[in-house]
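Report on the following structure.
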Amino acid sequence: MSNSQTIPLPQGALAPAQHTVAPTFLSHTLNHASTDTLLITILVAPELVKILFGEAAFAQQKLLRPAGFDTREIPLDFIQQQHYFSLMTHVKEFLLKFCVLNYLFKTIRTEKLVIAGEPTLDSIAIADDYSCTFHFITSPFAPPVIQEWRYLPFRAPKRKNYKDLDRQVEHFMGEEVTAAQKQQNTIQENDWVCISLTRINEQGVPLLDNFTNYFWMQISDEKVDNPLRDLLVGMKAGDTIITHNQGLQDYFSEQLSTNYFYQLTIVTTIPHSHVCFEQIKAHFKLKTKKDLLKKLIEVFSYRNDISQRRAMVEECLDLLLAKHPISVPESVVNSFQNSLLAAMHDSPDYNVYRTQKEFYTLIHNLSQKLARETVFLDALAYHEKISLERTDIENYLNCIKRPRTKEFIYSRTIMPHHEGQSTLIPEEELMRTVLREKTINHVLYHLTKE
């Protein structure tokens, strides 16, 4: 993050915020800096920056004890003068994590932008009037003209005709149904949770109206201290609490100690205890138990260590990309390659793989394939006007609970960690991955429809 330009301090200190009706605090502009660079600028209204700056100073007033102020409260204007740059750096970090990233990924989707790779934060600037701008650089991609694809001659790979596969599926379903009957109503380890967060003051009043953001988190089973995980375990959907949990302080502010209060609501939970077959039916538009059994067979039937489902998706995408030739810049392929290598680095077999003669060639080819598929799926999703709801995230996460059902998922999301612990994911960032997965299911639904 770049340093912002300096701005004059107001006359007197910015006081802690009172209850305020929030206008639209975030907006955006799109500018083509060059043929291969799109600048997405997220604009934050000065009213919001002023409120957060004042609240940050007020929080530090309770935490700081500089020499000369041992027995009396430090004046707010002194804190704002002496700690201006650290306070403003904190405000930028908080804005980025609390609302800007969610807004960025929503903008990419609603503006139907096809970009190659991930957006990169280039700079943050604050003007004299306290307005704040976040500048993201992306590689725009001219979307391919989508050809008619519903009548392409696609032949799905056949399942293995082993009776034992049917018994395996029935046994699997029986185990999950039994587990569902023992489900606890409260959040447990390994569950997924969607929470809403609203900044409030010490009296429990929101700093702003209509300024709530949504995040997802998997409740880890790591045997290390994780204050946010420990807070959520035992809660249930619909619960609302007021908290200044340390996990939230650490996530939204790595550089500055804070003690902010949040209103936290459990929006929905995805229990890890069992696979919900109704969600699988909704995920794939299945109507009957027979359809469900047939679908589950796809992740139990393997040839050459590849499931029928995986083979089906790959052959489908190969067919579509043959009809829609796409060439991605080498710089984008390299970014995908770096992500793949980073993800593989923690694998116990990584050192064995990388000593193989063709390892980097294979990784490069795979990166190129993934880059082309990602661009095409985004373009197709916009062309087909595929909608998204929170239930689509729930259906997606339901599938990744078990090694078998995880085979249903082709577009994988990277689970973020903060200092080695599971942490929050902005909901709109997760939506981006789920949209690609829903697009794959949309295509296969039509190509395999009898």
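Labeling convention for the structure tokens: chains A, B, ... as they appear, residues from 1 per chain, ligands from 1 in order of appearance.
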Residue list (strand (DSSP E), DSSP) for stretch 118-190 of chain A, as a PyMOL selection string:
chain A and resi 120-126+132-138
Pull all heavy atoms from the residues just selected and write them as a compact mmCIF listing (two decimals), in the first residue's frame.
```txt
# COMPACT_ATOMS: atom_id res chain seq x y z
N THR A 120 -5.02 -6.42 -8.44
CA THR A 120 -3.89 -6.07 -7.57
C THR A 120 -4.09 -4.67 -7.02
O THR A 120 -4.35 -3.73 -7.78
CB THR A 120 -2.57 -6.12 -8.36
OG1 THR A 120 -2.39 -7.44 -8.89
CG2 THR A 120 -1.39 -5.79 -7.46
N LEU A 121 -3.97 -4.54 -5.70
CA LEU A 121 -4.06 -3.21 -5.09
C LEU A 121 -2.80 -2.43 -5.43
O LEU A 121 -1.70 -2.83 -5.08
CB LEU A 121 -4.22 -3.34 -3.58
CG LEU A 121 -4.28 -2.02 -2.79
CD1 LEU A 121 -5.46 -1.17 -3.22
CD2 LEU A 121 -4.34 -2.30 -1.29
N ASP A 122 -2.98 -1.31 -6.13
CA ASP A 122 -1.84 -0.51 -6.56
C ASP A 122 -1.54 0.62 -5.58
O ASP A 122 -0.38 0.85 -5.23
CB ASP A 122 -2.13 0.08 -7.94
CG ASP A 122 -0.98 0.93 -8.45
OD1 ASP A 122 0.13 0.39 -8.56
OD2 ASP A 122 -1.19 2.13 -8.70
N SER A 123 -2.56 1.32 -5.11
CA SER A 123 -2.32 2.44 -4.21
C SER A 123 -3.60 2.83 -3.50
O SER A 123 -4.71 2.46 -3.92
CB SER A 123 -1.76 3.64 -4.98
OG SER A 123 -2.72 4.11 -5.91
N ILE A 124 -3.42 3.59 -2.44
CA ILE A 124 -4.53 4.18 -1.70
C ILE A 124 -4.19 5.65 -1.51
O ILE A 124 -3.07 5.98 -1.10
CB ILE A 124 -4.74 3.52 -0.33
CG1 ILE A 124 -4.84 1.99 -0.46
CG2 ILE A 124 -6.00 4.06 0.35
CD1 ILE A 124 -4.85 1.27 0.88
N ALA A 125 -5.14 6.52 -1.80
CA ALA A 125 -4.88 7.96 -1.66
C ALA A 125 -6.03 8.62 -0.90
O ALA A 125 -7.19 8.20 -1.03
CB ALA A 125 -4.72 8.61 -3.03
N ILE A 126 -5.70 9.63 -0.11
CA ILE A 126 -6.70 10.40 0.62
C ILE A 126 -6.55 11.87 0.23
O ILE A 126 -5.45 12.42 0.30
CB ILE A 126 -6.56 10.23 2.14
CG1 ILE A 126 -6.82 8.77 2.51
CG2 ILE A 126 -7.52 11.14 2.88
CD1 ILE A 126 -6.73 8.48 3.98
N CYS A 132 -11.44 9.05 0.07
CA CYS A 132 -10.38 8.03 -0.03
C CYS A 132 -10.59 7.20 -1.29
O CYS A 132 -11.74 6.83 -1.61
CB CYS A 132 -10.40 7.14 1.21
SG CYS A 132 -9.12 5.88 1.26
N THR A 133 -9.54 6.92 -2.01
CA THR A 133 -9.64 6.12 -3.22
C THR A 133 -8.68 4.94 -3.17
O THR A 133 -7.51 5.09 -2.82
CB THR A 133 -9.32 6.96 -4.47
OG1 THR A 133 -8.07 7.62 -4.30
CG2 THR A 133 -10.40 8.00 -4.73
N PHE A 134 -9.21 3.77 -3.50
CA PHE A 134 -8.42 2.54 -3.60
C PHE A 134 -8.28 2.21 -5.09
O PHE A 134 -9.28 2.09 -5.80
CB PHE A 134 -9.12 1.38 -2.89
CG PHE A 134 -9.13 1.49 -1.40
CD1 PHE A 134 -10.00 2.38 -0.76
CD2 PHE A 134 -8.29 0.71 -0.61
CE1 PHE A 134 -10.02 2.48 0.62
CE2 PHE A 134 -8.30 0.81 0.77
CZ PHE A 134 -9.17 1.70 1.39
N HIS A 135 -7.06 2.10 -5.56
CA HIS A 135 -6.80 1.85 -6.98
C HIS A 135 -6.35 0.40 -7.18
O HIS A 135 -5.31 -0.02 -6.64
CB HIS A 135 -5.72 2.80 -7.51
CG HIS A 135 -6.07 4.25 -7.33
ND1 HIS A 135 -6.98 4.90 -8.13
CD2 HIS A 135 -5.65 5.16 -6.42
CE1 HIS A 135 -7.09 6.15 -7.74
NE2 HIS A 135 -6.30 6.35 -6.70
N PHE A 136 -7.14 -0.34 -7.95
CA PHE A 136 -6.81 -1.74 -8.26
C PHE A 136 -6.49 -1.87 -9.74
O PHE A 136 -7.21 -1.34 -10.60
CB PHE A 136 -7.99 -2.65 -7.92
CG PHE A 136 -8.29 -2.76 -6.45
CD1 PHE A 136 -9.16 -1.85 -5.84
CD2 PHE A 136 -7.70 -3.74 -5.67
CE1 PHE A 136 -9.44 -1.94 -4.48
CE2 PHE A 136 -7.97 -3.84 -4.32
CZ PHE A 136 -8.85 -2.94 -3.72
N ILE A 137 -5.41 -2.57 -10.03
CA ILE A 137 -5.02 -2.82 -11.42
C ILE A 137 -5.44 -4.24 -11.81
O ILE A 137 -5.21 -5.20 -11.07
CB ILE A 137 -3.50 -2.66 -11.59
CG1 ILE A 137 -3.08 -1.21 -11.39
CG2 ILE A 137 -3.05 -3.13 -12.98
CD1 ILE A 137 -1.59 -0.98 -11.48
N THR A 138 -6.08 -4.35 -12.96
CA THR A 138 -6.49 -5.65 -13.47
C THR A 138 -6.09 -5.77 -14.94
O THR A 138 -5.81 -4.77 -15.60
CB THR A 138 -8.01 -5.85 -13.35
OG1 THR A 138 -8.68 -4.93 -14.24
CG2 THR A 138 -8.50 -5.61 -11.94
```
Proximity of stretch 376-436 of chain A to stretch 287-302 of chain A: per-residue shortest pair, 12 Å limit, only C-alpha atoms, as JSON lines:
```
{"residue": "A:Cys399", "atom": "CA", "partner": "A:Leu296", "partner_atom": "CA", "distance": 11.1}
{"residue": "A:Arg402", "atom": "CA", "partner": "A:Val299", "partner_atom": "CA", "distance": 10.9}
{"residue": "A:Pro403", "atom": "CA", "partner": "A:Val299", "partner_atom": "CA", "distance": 9.4}
{"residue": "A:Arg404", "atom": "CA", "partner": "A:Val299", "partner_atom": "CA", "distance": 5.9}
{"residue": "A:Thr405", "atom": "CA", "partner": "A:Val299", "partner_atom": "CA", "distance": 6.6}
{"residue": "A:Lys406", "atom": "CA", "partner": "A:Val299", "partner_atom": "CA", "distance": 8.5}
{"residue": "A:Glu407", "atom": "CA", "partner": "A:Val299", "partner_atom": "CA", "distance": 5.9}
{"residue": "A:Phe408", "atom": "CA", "partner": "A:Val299", "partner_atom": "CA", "distance": 6.9}
{"residue": "A:Ile409", "atom": "CA", "partner": "A:Val299", "partner_atom": "CA", "distance": 10.3}
```
Correct to one decimal, the distance atom CA of A:Lys223-atom CA of A:Lys97 is 26.1 Å
Expressed in Å, the length from atom CA of A:Ile241 to atom CA of A:Phe211 is 16.8 Å
inquiry  = So that I can see what lies close to A:Asn31, please list as a VMD selection string the residues with an atom at most 9 Å from it, counting only C-alpha atoms and leaving out residues fewer than 4 positions away in the same chain.
reply    = chain A and resid 37 to 41
How about saving the chosen residues, N, CA, C and O atoms kept, as a PDB file, in the first residue's frame?
```
ATOM      1  N   THR A  37      -4.520  -2.928 -19.452  1.00  0.00           N
ATOM      2  CA  THR A  37      -4.629  -2.567 -18.034  1.00  0.00           C
ATOM      3  C   THR A  37      -5.934  -1.825 -17.783  1.00  0.00           C
ATOM      4  O   THR A  37      -6.205  -0.808 -18.418  1.00  0.00           O
ATOM      5  N   LEU A  38      -6.719  -2.349 -16.873  1.00  0.00           N
ATOM      6  CA  LEU A  38      -7.956  -1.691 -16.442  1.00  0.00           C
ATOM      7  C   LEU A  38      -7.780  -1.267 -14.997  1.00  0.00           C
ATOM      8  O   LEU A  38      -7.405  -2.075 -14.144  1.00  0.00           O
ATOM      9  N   LEU A  39      -8.041   0.007 -14.724  1.00  0.00           N
ATOM     10  CA  LEU A  39      -7.932   0.538 -13.371  1.00  0.00           C
ATOM     11  C   LEU A  39      -9.325   0.611 -12.763  1.00  0.00           C
ATOM     12  O   LEU A  39     -10.202   1.315 -13.274  1.00  0.00           O
ATOM     13  N   ILE A  40      -9.529  -0.148 -11.693  1.00  0.00           N
ATOM     14  CA  ILE A  40     -10.785  -0.076 -10.947  1.00  0.00           C
ATOM     15  C   ILE A  40     -10.525   0.787  -9.715  1.00  0.00           C
ATOM     16  O   ILE A  40      -9.693   0.444  -8.876  1.00  0.00           O
ATOM     17  N   THR A  41     -11.218   1.895  -9.628  1.00  0.00           N
ATOM     18  CA  THR A  41     -11.050   2.807  -8.500  1.00  0.00           C
ATOM     19  C   THR A  41     -12.278   2.731  -7.607  1.00  0.00           C
ATOM     20  O   THR A  41     -13.403   2.964  -8.074  1.00  0.00           O
TER      21      THR A  41
END
```
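Residue nearest A:Cys316 within the list A:Gln168, A:Thr448, A:Gln255, A:Thr24: A:Thr448 [criterion: smallest interatomic distance, only C-alpha atoms].
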Quick one: contact table of stretch 251-337 of chain A to stretch 181-201 of chain A, 6 Å max, nearest atom pair and distance in Å to one decimal per residue, counting only C-alpha atoms, chain and number order, as a Markdown table?
```
| residue | atom | partner | partner_atom | distance |
| --- | --- | --- | --- | --- |
| A:Phe261 | CA | A:Ile200 | CA | 5.5 |
| A:Tyr262 | CA | A:Arg199 | CA | 4.7 |
| A:Gln263 | CA | A:Thr198 | CA | 5.1 |
| A:Leu264 | CA | A:Leu197 | CA | 4.9 |
| A:Thr265 | CA | A:Ser196 | CA | 5.2 |
| A:Ile266 | CA | A:Ile195 | CA | 4.7 |
| A:Val267 | CA | A:Ile195 | CA | 5.2 |
| A:Thr268 | CA | A:Cys194 | CA | 5.3 |
| A:Thr269 | CA | A:Val193 | CA | 4.5 |
| A:Ile270 | CA | A:Trp192 | CA | 4.9 |
| A:Pro271 | CA | A:Asp191 | CA | 4.7 |
| A:His272 | CA | A:Asp191 | CA | 4.8 |
```
Contacts between stretch 352-373 of chain A and stretch 46-163 of chain A, please, where a residue of stretch 46-163 of chain A counts if it comes within 12 Å (with only C-alpha atoms); show its shortest atom pair and distance in Å to one decimal, rows by chain and ascending number, as a tab-separated table.
```
residue	atom	partner	partner_atom	distance
A:Val114	CA	A:Arg372	CA	11.5
A:Ile115	CA	A:Ala371	CA	10.2
A:Ala116	CA	A:Ala371	CA	7.1
A:Gly117	CA	A:Ala371	CA	7.4
A:Glu118	CA	A:Ala371	CA	10.9
A:Phe141	CA	A:Arg372	CA	10.8
A:Pro143	CA	A:Arg372	CA	11.0
A:Pro144	CA	A:Arg372	CA	10.9
```
Could the residues in this selection be written to a file with C-alpha atoms, as a CSV table (one decimal), in the first residue's frame?
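Full text of part24.csv as output:
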```csv
chain,number,residue,atom,x,y,z
A,114,VAL,CA,-13.8,-10.4,-17.6
A,115,ILE,CA,-10.4,-10.1,-16.1
A,116,ALA,CA,-7.4,-12.4,-16.3
A,117,GLY,CA,-6.0,-13.2,-12.9
A,118,GLU,CA,-6.7,-11.4,-9.7
A,141,PHE,CA,-9.9,-9.5,-21.3
A,143,PRO,CA,-14.7,-11.8,-23.8
A,144,PRO,CA,-15.1,-14.3,-26.6
```
Review point. So which residues touch stretch 250-252 of chain A within 10 Å, counting only C-alpha atoms, skipping near sequence neighbours fewer than 2 positions away, as a ChimeraX atom specification?
Key: /A:90-91,93-98,227-228,245-248,254-260,418-419,423-424
Writing out the chosen residues with N, CA, C and O atoms as a compact mmCIF listing (two decimals), in the first residue's frame:
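In the end it all went to out_3.txt:
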```txt
# COMPACT_ATOMS: atom_id res chain seq x y z
N HIS A 90 -4.16 2.84 9.55
CA HIS A 90 -5.11 1.88 10.12
C HIS A 90 -6.47 2.01 9.46
O HIS A 90 -7.12 1.00 9.15
N VAL A 91 -6.95 3.22 9.25
CA VAL A 91 -8.25 3.44 8.63
C VAL A 91 -8.27 2.82 7.23
O VAL A 91 -9.25 2.17 6.82
N GLU A 93 -6.43 0.28 6.16
CA GLU A 93 -6.46 -1.18 6.32
C GLU A 93 -7.86 -1.66 6.69
O GLU A 93 -8.36 -2.64 6.12
N PHE A 94 -8.49 -0.94 7.62
CA PHE A 94 -9.83 -1.35 8.05
C PHE A 94 -10.82 -1.28 6.89
O PHE A 94 -11.61 -2.21 6.66
N LEU A 95 -10.78 -0.19 6.15
CA LEU A 95 -11.70 -0.04 5.02
C LEU A 95 -11.49 -1.15 3.99
O LEU A 95 -12.46 -1.73 3.49
N LEU A 96 -10.23 -1.45 3.69
CA LEU A 96 -9.93 -2.49 2.70
C LEU A 96 -10.55 -3.81 3.11
O LEU A 96 -11.24 -4.47 2.32
N LYS A 97 -10.34 -4.21 4.35
CA LYS A 97 -10.77 -5.54 4.78
C LYS A 97 -12.26 -5.60 5.12
O LYS A 97 -12.90 -6.64 4.92
N PHE A 98 -12.79 -4.50 5.64
CA PHE A 98 -14.18 -4.53 6.09
C PHE A 98 -15.17 -4.37 4.93
O PHE A 98 -16.20 -5.05 4.91
N PRO A 227 -9.29 -16.79 18.93
CA PRO A 227 -10.38 -16.15 19.67
C PRO A 227 -11.70 -16.10 18.92
O PRO A 227 -12.76 -16.29 19.52
N LEU A 228 -11.65 -15.87 17.60
CA LEU A 228 -12.90 -15.79 16.84
C LEU A 228 -13.56 -17.15 16.73
O LEU A 228 -14.78 -17.28 16.89
N ASN A 245 -14.34 -9.02 20.36
CA ASN A 245 -13.49 -10.21 20.27
C ASN A 245 -12.12 -9.88 19.67
O ASN A 245 -12.02 -9.16 18.68
N GLN A 246 -11.08 -10.43 20.27
CA GLN A 246 -9.72 -10.13 19.84
C GLN A 246 -9.45 -10.61 18.42
O GLN A 246 -8.66 -10.01 17.67
N GLY A 247 -10.11 -11.70 18.02
CA GLY A 247 -9.92 -12.19 16.66
C GLY A 247 -10.36 -11.17 15.62
O GLY A 247 -9.72 -11.02 14.57
N LEU A 248 -11.43 -10.45 15.89
CA LEU A 248 -11.88 -9.40 14.98
C LEU A 248 -10.92 -8.22 14.97
O LEU A 248 -10.63 -7.63 13.93
N GLU A 254 -3.92 -5.10 11.72
CA GLU A 254 -2.67 -5.79 12.06
C GLU A 254 -1.63 -4.84 12.64
O GLU A 254 -0.75 -5.25 13.38
N GLN A 255 -1.71 -3.55 12.30
CA GLN A 255 -0.67 -2.61 12.68
C GLN A 255 -0.97 -1.85 13.96
O GLN A 255 -0.05 -1.37 14.63
N LEU A 256 -2.23 -1.72 14.31
CA LEU A 256 -2.63 -0.86 15.43
C LEU A 256 -3.51 -1.65 16.39
O LEU A 256 -4.43 -2.35 15.96
N SER A 257 -3.24 -1.55 17.68
CA SER A 257 -4.09 -2.20 18.67
C SER A 257 -5.43 -1.47 18.74
O SER A 257 -5.47 -0.24 18.81
N THR A 258 -6.52 -2.22 18.67
CA THR A 258 -7.85 -1.63 18.72
C THR A 258 -8.71 -2.38 19.73
O THR A 258 -8.36 -3.48 20.17
N ASN A 259 -9.82 -1.78 20.05
CA ASN A 259 -10.78 -2.42 20.95
C ASN A 259 -12.19 -2.05 20.50
O ASN A 259 -13.02 -1.61 21.29
N TYR A 260 -12.45 -2.26 19.21
CA TYR A 260 -13.73 -1.87 18.63
C TYR A 260 -14.83 -2.85 19.03
O TYR A 260 -14.59 -4.04 19.23
N HIS A 418 -4.75 -16.48 8.57
CA HIS A 418 -4.12 -15.30 9.15
C HIS A 418 -3.25 -15.77 10.30
O HIS A 418 -3.74 -16.33 11.28
N GLU A 419 -1.93 -15.59 10.12
CA GLU A 419 -0.97 -16.07 11.11
C GLU A 419 -1.19 -17.56 11.43
O GLU A 419 -1.17 -17.98 12.57
N THR A 423 -9.44 -17.91 8.92
CA THR A 423 -9.92 -16.56 9.16
C THR A 423 -11.07 -16.24 8.22
O THR A 423 -11.58 -17.11 7.51
N LEU A 424 -11.50 -14.99 8.19
CA LEU A 424 -12.68 -14.58 7.46
C LEU A 424 -12.42 -14.49 5.95
O LEU A 424 -11.33 -14.15 5.51
```
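The two atoms in question, atom CA of A:Leu208 and atom CA of A:Val49, are spaced 11.9 Å apart.
Candidate residues A:Ile219, A:Val443, A:Leu101, A:Ile242 were compared for distance to A:Glu429, and the nearest is A:Leu101, using only C-alpha atoms.
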Could you pull out the helix (DSSP H, G or I) residues of stretch 305-419 of chain A from DSSP and send them as a PyMOL selection string?
-> chain A and resi 308-323+330-344+350-354+359-383+390-399+405-408
Export of prior selection with C-alpha atoms as a PDB file, in the first residue's frame:
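Below is the file part37.pdb, written as the result:
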```pdb
ATOM      1  CA  GLN A 308     -16.404 -39.863 -13.709  1.00  0.00           C
ATOM      2  CA  ARG A 309     -17.468 -36.391 -12.575  1.00  0.00           C
ATOM      3  CA  ARG A 310     -13.997 -34.895 -13.037  1.00  0.00           C
ATOM      4  CA  ALA A 311     -13.634 -36.477 -16.460  1.00  0.00           C
ATOM      5  CA  MET A 312     -17.057 -35.166 -17.425  1.00  0.00           C
ATOM      6  CA  VAL A 313     -16.194 -31.575 -16.483  1.00  0.00           C
ATOM      7  CA  GLU A 314     -12.795 -31.644 -18.203  1.00  0.00           C
ATOM      8  CA  GLU A 315     -14.171 -33.101 -21.436  1.00  0.00           C
ATOM      9  CA  CYS A 316     -17.001 -30.581 -21.395  1.00  0.00           C
ATOM     10  CA  LEU A 317     -14.614 -27.630 -20.965  1.00  0.00           C
ATOM     11  CA  ASP A 318     -12.272 -29.000 -23.650  1.00  0.00           C
ATOM     12  CA  LEU A 319     -15.236 -29.127 -26.047  1.00  0.00           C
ATOM     13  CA  LEU A 320     -16.341 -25.580 -25.252  1.00  0.00           C
ATOM     14  CA  LEU A 321     -12.827 -24.135 -25.476  1.00  0.00           C
ATOM     15  CA  ALA A 322     -12.311 -25.828 -28.835  1.00  0.00           C
ATOM     16  CA  LYS A 323     -15.322 -23.833 -30.047  1.00  0.00           C
ATOM     17  CA  GLU A 330       2.042 -15.193 -20.494  1.00  0.00           C
ATOM     18  CA  SER A 331       2.066 -12.843 -17.496  1.00  0.00           C
ATOM     19  CA  VAL A 332      -1.365 -14.142 -16.504  1.00  0.00           C
ATOM     20  CA  VAL A 333      -0.285 -17.753 -16.972  1.00  0.00           C
ATOM     21  CA  ASN A 334       2.673 -17.043 -14.696  1.00  0.00           C
ATOM     22  CA  SER A 335       0.381 -15.667 -11.994  1.00  0.00           C
ATOM     23  CA  PHE A 336      -1.715 -18.846 -12.114  1.00  0.00           C
ATOM     24  CA  GLN A 337       1.502 -20.870 -11.995  1.00  0.00           C
ATOM     25  CA  ASN A 338       2.700 -19.010  -8.913  1.00  0.00           C
ATOM     26  CA  SER A 339      -0.630 -19.670  -7.196  1.00  0.00           C
ATOM     27  CA  LEU A 340      -0.427 -23.368  -8.031  1.00  0.00           C
ATOM     28  CA  LEU A 341       3.123 -23.661  -6.741  1.00  0.00           C
ATOM     29  CA  ALA A 342       2.213 -21.817  -3.539  1.00  0.00           C
ATOM     30  CA  ALA A 343      -0.728 -24.163  -2.981  1.00  0.00           C
ATOM     31  CA  MET A 344       1.450 -27.229  -3.636  1.00  0.00           C
ATOM     32  CA  TYR A 350       6.024 -31.316  -3.160  1.00  0.00           C
ATOM     33  CA  ASN A 351       9.774 -31.987  -3.061  1.00  0.00           C
ATOM     34  CA  VAL A 352       9.226 -35.300  -4.811  1.00  0.00           C
ATOM     35  CA  TYR A 353       7.124 -33.712  -7.556  1.00  0.00           C
ATOM     36  CA  ARG A 354       9.475 -30.827  -8.290  1.00  0.00           C
ATOM     37  CA  PHE A 359       7.369 -30.902 -13.463  1.00  0.00           C
ATOM     38  CA  TYR A 360       7.553 -27.233 -14.441  1.00  0.00           C
ATOM     39  CA  THR A 361       6.386 -27.928 -17.983  1.00  0.00           C
ATOM     40  CA  LEU A 362       3.325 -29.726 -16.638  1.00  0.00           C
ATOM     41  CA  ILE A 363       2.648 -26.938 -14.141  1.00  0.00           C
ATOM     42  CA  HIS A 364       2.910 -24.328 -16.887  1.00  0.00           C
ATOM     43  CA  ASN A 365       0.515 -26.243 -19.150  1.00  0.00           C
ATOM     44  CA  LEU A 366      -1.944 -26.692 -16.303  1.00  0.00           C
ATOM     45  CA  SER A 367      -1.717 -22.979 -15.467  1.00  0.00           C
ATOM     46  CA  GLN A 368      -2.454 -22.067 -19.074  1.00  0.00           C
ATOM     47  CA  LYS A 369      -5.437 -24.411 -19.088  1.00  0.00           C
ATOM     48  CA  LEU A 370      -6.841 -22.986 -15.836  1.00  0.00           C
ATOM     49  CA  ALA A 371      -6.382 -19.400 -17.044  1.00  0.00           C
ATOM     50  CA  ARG A 372      -8.296 -20.102 -20.266  1.00  0.00           C
ATOM     51  CA  GLU A 373     -11.060 -21.936 -18.418  1.00  0.00           C
ATOM     52  CA  THR A 374     -11.456 -19.155 -15.854  1.00  0.00           C
ATOM     53  CA  VAL A 375     -11.787 -16.462 -18.520  1.00  0.00           C
ATOM     54  CA  PHE A 376     -14.292 -18.531 -20.476  1.00  0.00           C
ATOM     55  CA  LEU A 377     -16.425 -19.423 -17.444  1.00  0.00           C
ATOM     56  CA  ASP A 378     -16.667 -15.783 -16.363  1.00  0.00           C
ATOM     57  CA  ALA A 379     -17.661 -14.724 -19.883  1.00  0.00           C
ATOM     58  CA  LEU A 380     -20.217 -17.530 -20.173  1.00  0.00           C
ATOM     59  CA  ALA A 381     -21.718 -16.768 -16.747  1.00  0.00           C
ATOM     60  CA  TYR A 382     -22.378 -13.172 -17.794  1.00  0.00           C
ATOM     61  CA  HIS A 383     -23.710 -14.228 -21.202  1.00  0.00           C
ATOM     62  CA  ARG A 390     -26.343 -17.116  -0.627  1.00  0.00           C
ATOM     63  CA  THR A 391     -27.906 -20.580  -0.969  1.00  0.00           C
ATOM     64  CA  ASP A 392     -25.509 -21.217  -3.877  1.00  0.00           C
ATOM     65  CA  ILE A 393     -22.606 -20.735  -1.468  1.00  0.00           C
ATOM     66  CA  GLU A 394     -24.279 -23.091   0.997  1.00  0.00           C
ATOM     67  CA  ASN A 395     -24.724 -25.755  -1.701  1.00  0.00           C
ATOM     68  CA  TYR A 396     -21.093 -25.335  -2.788  1.00  0.00           C
ATOM     69  CA  LEU A 397     -19.702 -25.661   0.739  1.00  0.00           C
ATOM     70  CA  ASN A 398     -21.962 -28.646   1.434  1.00  0.00           C
ATOM     71  CA  CYS A 399     -20.147 -30.499  -1.350  1.00  0.00           C
ATOM     72  CA  THR A 405     -18.424 -35.176  -2.641  1.00  0.00           C
ATOM     73  CA  LYS A 406     -15.497 -32.769  -2.972  1.00  0.00           C
ATOM     74  CA  GLU A 407     -15.049 -34.338  -6.427  1.00  0.00           C
ATOM     75  CA  PHE A 408     -18.236 -32.507  -7.453  1.00  0.00           C
TER      76      PHE A 408
END
```
Between A:Ser307, A:Ser422, A:Gln249, A:Ser34, smallest distance to A:Pro140 by only C-alpha atoms belongs to A:Ser34
So that I can see what lies close to A:His442, please list as a ChimeraX atom specification the residues with an atom at most 10 Å from it, counting only C-alpha atoms and leaving out residues fewer than 6 positions away in the same chain.
/A:283-285,381,384,386,436
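In terms of minimum interatomic distance to A:Gln218, A:Val233 ranks closest within A:Leu435, A:Met173, A:Leu52, A:Val233, counting only C-alpha atoms.
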